[in-house]
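J.: Quick one, final-v9.csv (CSV, C-alpha atoms):
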```csv
chain,number,residue,atom,x,y,z
P,1,MET,CA,0.0,0.0,0.0
P,2,TYR,CA,1.3,3.4,-0.9
P,3,LEU,CA,-0.2,6.9,-0.4
P,4,GLU,CA,1.3,10.3,-1.2
P,5,THR,CA,0.9,13.9,-0.2
P,6,ALA,CA,2.7,17.1,-1.3
P,7,ARG,CA,5.6,16.5,1.0
P,8,LEU,CA,5.3,12.9,2.2
P,9,ARG,CA,5.2,9.3,1.1
P,10,LEU,CA,3.1,6.9,3.2
P,11,ARG,CA,4.3,3.4,2.6
P,12,GLU,CA,4.3,0.0,4.2
P,13,PHE,CA,6.8,-0.7,6.9
P,14,VAL,CA,9.7,-3.0,6.1
P,15,GLU,CA,11.9,-4.8,8.6
P,16,ASP,CA,14.9,-2.5,8.1
P,17,ASP,CA,12.9,0.6,9.2
P,18,TRP,CA,13.6,-0.1,12.9
P,19,PRO,CA,16.7,2.1,13.2
P,20,ALA,CA,14.8,5.2,11.9
P,21,VAL,CA,12.0,4.4,14.3
P,22,LEU,CA,14.4,4.1,17.2
P,23,ALA,CA,15.9,7.5,16.2
P,24,TYR,CA,12.7,9.4,16.7
P,25,GLN,CA,11.2,7.2,19.5
P,26,ALA,CA,14.4,7.6,21.7
P,27,ASP,CA,13.8,11.4,21.8
P,28,PRO,CA,12.6,12.6,25.3
P,29,LEU,CA,10.1,15.0,23.7
P,30,TYR,CA,8.6,12.0,21.8
P,31,LEU,CA,8.4,10.0,25.0
P,32,ARG,CA,6.7,12.7,27.1
P,33,PHE,CA,3.2,11.2,26.7
P,34,TYR,CA,4.2,7.6,26.6
P,35,HIS,CA,4.7,5.1,29.4
P,36,LEU,CA,8.2,4.3,28.1
P,37,THR,CA,11.0,6.1,29.8
P,38,GLU,CA,13.4,5.1,27.0
P,39,GLN,CA,13.1,3.2,23.7
P,40,THR,CA,15.5,0.4,22.9
P,41,ALA,CA,16.6,-1.3,19.7
P,42,ALA,CA,14.6,-4.4,20.7
P,43,GLY,CA,11.6,-2.2,21.4
P,44,ALA,CA,11.8,-0.5,18.0
P,45,ARG,CA,12.2,-3.9,16.2
P,46,ASP,CA,9.1,-5.2,18.0
P,47,PHE,CA,7.2,-2.0,17.1
P,48,VAL,CA,8.0,-2.4,13.4
P,49,GLN,CA,7.3,-6.2,13.6
P,50,MET,CA,3.8,-5.4,14.9
P,51,PHE,CA,3.1,-3.5,11.7
P,52,LEU,CA,4.6,-6.2,9.5
P,53,ASP,CA,2.3,-8.7,11.2
P,54,GLN,CA,-0.7,-6.5,10.6
P,55,GLN,CA,0.1,-6.3,6.9
P,56,ALA,CA,-0.3,-10.1,6.6
P,57,GLU,CA,-3.7,-10.2,8.4
P,58,GLN,CA,-6.7,-11.3,6.3
P,59,PRO,CA,-8.9,-9.5,6.2
P,60,ARG,CA,-6.7,-6.6,6.9
P,61,THR,CA,-8.1,-4.1,9.3
P,62,LYS,CA,-5.0,-2.1,10.4
P,63,PHE,CA,-3.0,0.1,8.0
P,64,GLN,CA,-0.1,1.8,9.9
P,65,LEU,CA,2.2,3.4,7.3
P,66,ALA,CA,5.7,4.7,7.6
P,67,LEU,CA,6.1,8.4,6.8
P,68,GLU,CA,9.0,9.4,4.5
P,69,LEU,CA,9.9,12.9,3.5
P,70,LYS,CA,9.9,13.2,-0.3
P,71,GLU,CA,12.8,15.6,-0.3
P,72,ASP,CA,15.3,13.0,1.1
P,73,GLY,CA,13.5,9.7,1.7
P,74,ARG,CA,14.0,9.9,5.5
P,75,LEU,CA,11.5,7.9,7.6
P,76,VAL,CA,10.3,10.4,10.2
P,77,GLY,CA,7.1,8.9,11.7
P,78,ASN,CA,4.0,6.9,11.0
P,79,CYS,CA,0.3,7.4,10.5
P,80,GLY,CA,-2.4,4.9,10.3
P,81,ILE,CA,-6.0,3.8,10.5
P,82,ARG,CA,-7.6,0.8,12.2
P,83,ILE,CA,-11.0,-0.5,11.5
P,84,ASN,CA,-12.7,-1.0,14.9
P,85,ASP,CA,-16.1,-2.3,13.8
P,86,PRO,CA,-16.6,-3.4,10.2
P,87,GLU,CA,-20.4,-3.7,10.6
P,88,GLN,CA,-20.6,-0.1,12.0
P,89,ARG,CA,-18.0,1.1,9.5
P,90,GLU,CA,-16.0,2.8,12.3
P,91,ALA,CA,-12.2,3.3,12.5
P,92,ASN,CA,-9.7,5.3,14.4
P,93,ILE,CA,-6.4,7.0,13.5
P,94,GLY,CA,-3.1,7.4,15.2
P,95,TYR,CA,0.2,8.9,14.3
P,96,GLU,CA,3.7,9.8,15.4
P,97,LEU,CA,6.3,12.3,14.1
P,98,ALA,CA,9.9,13.0,14.9
P,99,SER,CA,9.9,16.1,17.2
P,100,PRO,CA,12.3,18.3,15.1
P,101,LEU,CA,9.5,18.3,12.4
P,102,TRP,CA,6.6,19.3,14.7
P,103,GLY,CA,4.8,22.5,13.8
P,104,GLN,CA,5.4,22.3,10.1
P,105,GLY,CA,2.0,20.9,9.1
P,106,LEU,CA,3.5,17.5,8.1
P,107,MET,CA,1.3,15.5,10.5
P,108,THR,CA,-1.8,17.4,9.4
P,109,GLU,CA,-0.9,16.5,5.8
P,110,ALA,CA,-0.5,12.8,6.6
P,111,ALA,CA,-3.5,12.5,8.9
P,112,ARG,CA,-5.7,14.3,6.2
P,113,GLU,CA,-4.6,11.7,3.7
P,114,ILE,CA,-5.2,8.7,6.0
P,115,VAL,CA,-8.7,10.0,6.7
P,116,ARG,CA,-9.3,10.4,3.0
P,117,PHE,CA,-8.2,6.7,2.6
P,118,GLY,CA,-10.5,5.7,5.4
P,119,PHE,CA,-13.6,7.3,3.9
P,120,GLU,CA,-12.9,6.8,0.2
P,121,GLU,CA,-11.2,3.4,0.1
P,122,LEU,CA,-12.3,1.7,3.3
P,123,ASN,CA,-15.8,3.0,3.1
P,124,THR,CA,-15.9,4.0,6.8
P,125,ARG,CA,-18.8,6.1,8.2
P,126,ARG,CA,-17.1,7.4,11.3
P,127,ILE,CA,-13.4,8.0,12.1
P,128,TRP,CA,-12.3,9.0,15.6
P,129,SER,CA,-9.1,9.6,17.5
P,130,TRP,CA,-7.9,10.7,20.9
P,131,CYS,CA,-5.0,12.4,22.4
P,132,VAL,CA,-3.6,13.4,25.8
P,133,ALA,CA,-5.2,16.8,26.6
P,134,ALA,CA,-1.8,18.3,27.3
P,135,ASN,CA,-0.6,17.3,23.8
P,136,ILE,CA,-1.9,20.5,22.2
P,137,GLY,CA,-0.1,19.9,18.9
P,138,SER,CA,-2.0,16.6,18.5
P,139,ALA,CA,-5.3,18.2,19.3
P,140,ARG,CA,-4.6,20.9,16.8
P,141,VAL,CA,-3.9,18.3,14.1
P,142,LEU,CA,-7.2,16.6,14.7
P,143,THR,CA,-9.1,19.9,14.6
P,144,LYS,CA,-7.3,20.9,11.4
P,145,ILE,CA,-8.4,17.7,9.6
P,146,GLY,CA,-12.0,18.5,10.3
P,147,MET,CA,-12.6,16.4,13.5
P,148,ARG,CA,-14.7,17.8,16.3
P,149,GLN,CA,-14.0,17.3,19.9
P,150,GLU,CA,-16.7,15.0,21.3
P,151,GLY,CA,-15.6,14.8,24.9
P,152,CYS,CA,-13.0,14.6,27.6
P,153,LEU,CA,-12.2,11.6,29.7
P,154,ARG,CA,-10.9,13.2,32.9
P,155,GLU,CA,-7.8,11.7,34.5
P,156,LYS,CA,-8.0,8.8,32.1
P,157,GLU,CA,-4.4,7.7,32.1
P,158,LEU,CA,-1.5,7.6,34.6
P,159,ILE,CA,1.7,8.5,32.7
P,160,LYS,CA,5.0,8.7,34.6
P,161,GLY,CA,3.2,9.4,37.9
P,162,GLU,CA,0.8,12.1,36.5
P,163,TRP,CA,-2.8,11.7,35.6
P,164,HIS,CA,-3.8,12.9,32.2
P,165,ASP,CA,-7.1,13.7,30.6
P,166,HIS,CA,-7.9,12.3,27.1
P,167,LEU,CA,-9.7,14.4,24.5
P,168,LEU,CA,-11.9,12.5,22.0
P,169,PHE,CA,-12.4,13.6,18.4
P,170,ALA,CA,-14.4,12.3,15.5
P,171,ILE,CA,-15.6,13.1,12.0
P,172,LEU,CA,-18.4,11.5,10.0
P,173,ASP,CA,-18.3,10.7,6.4
P,174,HIS,CA,-20.9,13.4,5.3
P,175,GLU,CA,-19.0,16.0,7.3
P,176,TRP,CA,-15.7,15.0,5.6
P,177,ARG,CA,-17.4,15.1,2.2
P,178,ALA,CA,-18.8,18.6,2.8
P,179,LEU,CA,-15.2,19.8,3.6
P,180,GLN,CA,-14.0,18.4,0.2
P,181,ARG,CA,-16.4,20.6,-1.8
P,182,PRO,CA,-14.9,23.7,-3.2
P,183,ALA,CA,-16.3,26.9,-1.7
P,184,VAL,CA,-19.0,28.6,-3.8
P,185,ALA,CA,-18.0,32.1,-4.8
P,186,GLN,CA,-20.5,34.7,-3.7
P,187,PRO,CA,-21.7,37.1,-6.3
P,188,ALA,CA,-20.4,40.7,-6.1
P,189,ALA,CA,-22.8,43.1,-4.4
```
Could you write out this structure as structure tokens?
T.:
Amino acid sequence: MYLETARLRLREFVEDDWPAVLAYQADPLYLRFYHLTEQTAAGARDFVQMFLDQQAEQPRTKFQLALELKEDGRLVGNCGIRINDPEQREANIGYELASPLWGQGLMTEAAREIVRFGFEELNTRRIWSWCVAANIGSARVLTKIGMRQEGCLREKELIKGEWHDHLLFAILDHEWRALQRPAVAQPAA
């Protein structure tokens, strides 16, 4: 599977991707909202292997793709969609990006493309996601791709000794389709 945006290639993981994954997952900024206090080579290998195993599942319900910068081919993160309930046509998205690239719109670009894939190619009806409330950048990505905040789960998760709220976001297929229509020009007065 392969998707593309203006600045990114979203492609299937391969076994040799683990060193690049380790490089961004070892960053203390990346680890801030994760239970891990450090990432190891074995952990990065297991992480990539999980995605390789998902590629082989039939029927496939999880599509977590490596993010490569078009300009230099560097793997800098991942973005994916997982079908939660095929009958209800519901899925959720998740993503990661190397911290030096935060704030450049790259994750918004990738997440927008993975949502398009979910609605157009997987025929989902509802796509949702969540983030730690203190992760303002992630909440901003979800809002920019058209999701609405649906709720807050207070003190949902204990991370490194601190309780964190989770924010819930979602977008419905008809809302997404409305966002894809070009704006109609208003006649001059």
J.: Skipping near chain neighbours, those fewer than 5 positions away, what residues fall within 9 Å of P:Arg125 using only C-alpha atoms, listed as an MDAnalysis selection string?
T.: chainID P and resid 88:91 118:119 171:174
J.: Write out as CSV the residues of stretch 152-185 of chain P that have any atom within 10 Å of an atom of stretch 25-37 of chain P, one row each with the nearest atom pair and its distance in Å to one decimal, counting only C-alpha atoms, sorted by chain and then rising number.
T.:
```
residue,atom,partner,partner_atom,distance
P:Glu157,CA,P:His35,CA,9.8
P:Leu158,CA,P:His35,CA,8.5
P:Ile159,CA,P:His35,CA,5.6
P:Lys160,CA,P:His35,CA,6.3
P:Gly161,CA,P:His35,CA,9.6
P:His164,CA,P:Phe33,CA,9.1
```
J.: Leaving out P:Gly103 and any residue of its chain fewer than 5 positions from it, which residues lie within 12 Å of it when counting all atoms listed in the file, given as a list in words?
T.: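 Counting only the stated atoms, we get Leu97, Ala98, Thr108, Glu109, Ile136, Gly137, Ser138, Arg140 and Val141 of chain P.
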J.: Would you mind reading off the distance between atom CA of P:Ser129 and atom CA of P:Glu175, one decimal, in Å?
T.: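 According to the coordinates, atom CA of P:Ser129 and atom CA of P:Glu175 are separated by 15.6 Å.
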J.: Need the shell around stretch 178-182 of chain P: protein/DNA/RNA residues with any atom at most 10 Å away, counting all atoms listed in the file. Skip same-chain ones fewer than 5 positions apart. Format as a PDB file with C-alpha atoms, in the frame of the given file?
T.:
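Okay, this is what ended up in around.pdb:
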```pdb
ATOM      1  CA  ARG P 116      -9.300  10.400   3.000  1.00  0.00           C
ATOM      2  CA  ILE P 145      -8.400  17.700   9.600  1.00  0.00           C
ATOM      3  CA  GLY P 146     -12.000  18.500  10.300  1.00  0.00           C
ATOM      4  CA  ASP P 173     -18.300  10.700   6.400  1.00  0.00           C
TER       5      ASP P 173
END
```
J.: Quick one: everything within 10 Å of P:Asp17, counting all atoms listed in the file, minus sequence neighbours fewer than 4 positions away in the same chain. Send it as an MDAnalysis selection string.
T.: chainID P and resid 12:13 21:22 44:45 48:49 66 75
J.: Quick one, how far is atom CA of P:Asn78 from atom CA of P:Ala111?
T.: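 Straight-line distance from atom CA of P:Asn78 to atom CA of P:Ala111 works out to 9.6 Å.
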J.: Just the number, please: distance in Å from atom CA of P:Gly80 to atom CA of P:Thr61, one decimal.
T.: 10.7 Å
J.: So, with all atoms listed in the file as the atoms that count, which of P:Ala20, P:Ala41, P:Val115, P:Leu142 lies closest to P:Leu3?
T.: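 Of P:Ala20, P:Ala41, P:Val115, P:Leu142, the one nearest P:Leu3, counting all atoms listed in the file, is P:Val115.
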J.: Name the residues in contact with stretch 9-11 of chain P at a cut-off of 7 Å, using all atoms listed in the file, excluding same-chain residues fewer than 3 positions from it; report them as an NGL selection string.
T.: :P and (1-5 or 65-70)
J.: Please save C-alpha atoms of the selected residues as a PDB file, keeping the file's coordinate frame.
T.:
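The resulting again03.pdb:
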```pdb
ATOM      1  CA  MET P   1       0.000   0.000   0.000  1.00  0.00           C
ATOM      2  CA  TYR P   2       1.300   3.400  -0.900  1.00  0.00           C
ATOM      3  CA  LEU P   3      -0.200   6.900  -0.400  1.00  0.00           C
ATOM      4  CA  GLU P   4       1.300  10.300  -1.200  1.00  0.00           C
ATOM      5  CA  THR P   5       0.900  13.900  -0.200  1.00  0.00           C
ATOM      6  CA  LEU P  65       2.200   3.400   7.300  1.00  0.00           C
ATOM      7  CA  ALA P  66       5.700   4.700   7.600  1.00  0.00           C
ATOM      8  CA  LEU P  67       6.100   8.400   6.800  1.00  0.00           C
ATOM      9  CA  GLU P  68       9.000   9.400   4.500  1.00  0.00           C
ATOM     10  CA  LEU P  69       9.900  12.900   3.500  1.00  0.00           C
ATOM     11  CA  LYS P  70       9.900  13.200  -0.300  1.00  0.00           C
TER      12      LYS P  70
END
```
J.: Hey, which of P:Met107, P:Ala56, P:Cys79, P:Val132 ends up closest to P:Leu153? Count all atoms listed in the file.
T.: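 So, comparing all the options, the nearest one is P:Val132.
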J.: So, counting all atoms listed in the file, which residue among P:Glu113, P:Asn92, P:Met50, P:Glu121 is closest to P:Ala170?
T.: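 Counting all atoms listed in the file, the residue closest to P:Ala170 is P:Asn92.
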J.: Taking all atoms listed in the file into account, name the residue in P:Asp46, P:His166, P:Gln58, P:Ala6 that is nearest to P:Trp18.
T.: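 Among the listed residues, the smallest separation from P:Trp18 belongs to P:Asp46.
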J.: Could you check which of P:Arg177, P:Asp72, P:Pro19, P:Lys156 is closest to P:Ala42, using only C-alpha atoms?
T.: P:Pro19
J.: Let me make sure I understand: among P:Asp85, P:Gln39, P:Glu15, P:Arg74, which one has the smallest atom-to-atom distance to P:Asp53 if we use only C-alpha atoms?
T.: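 Nearest to P:Asp53: P:Glu15.
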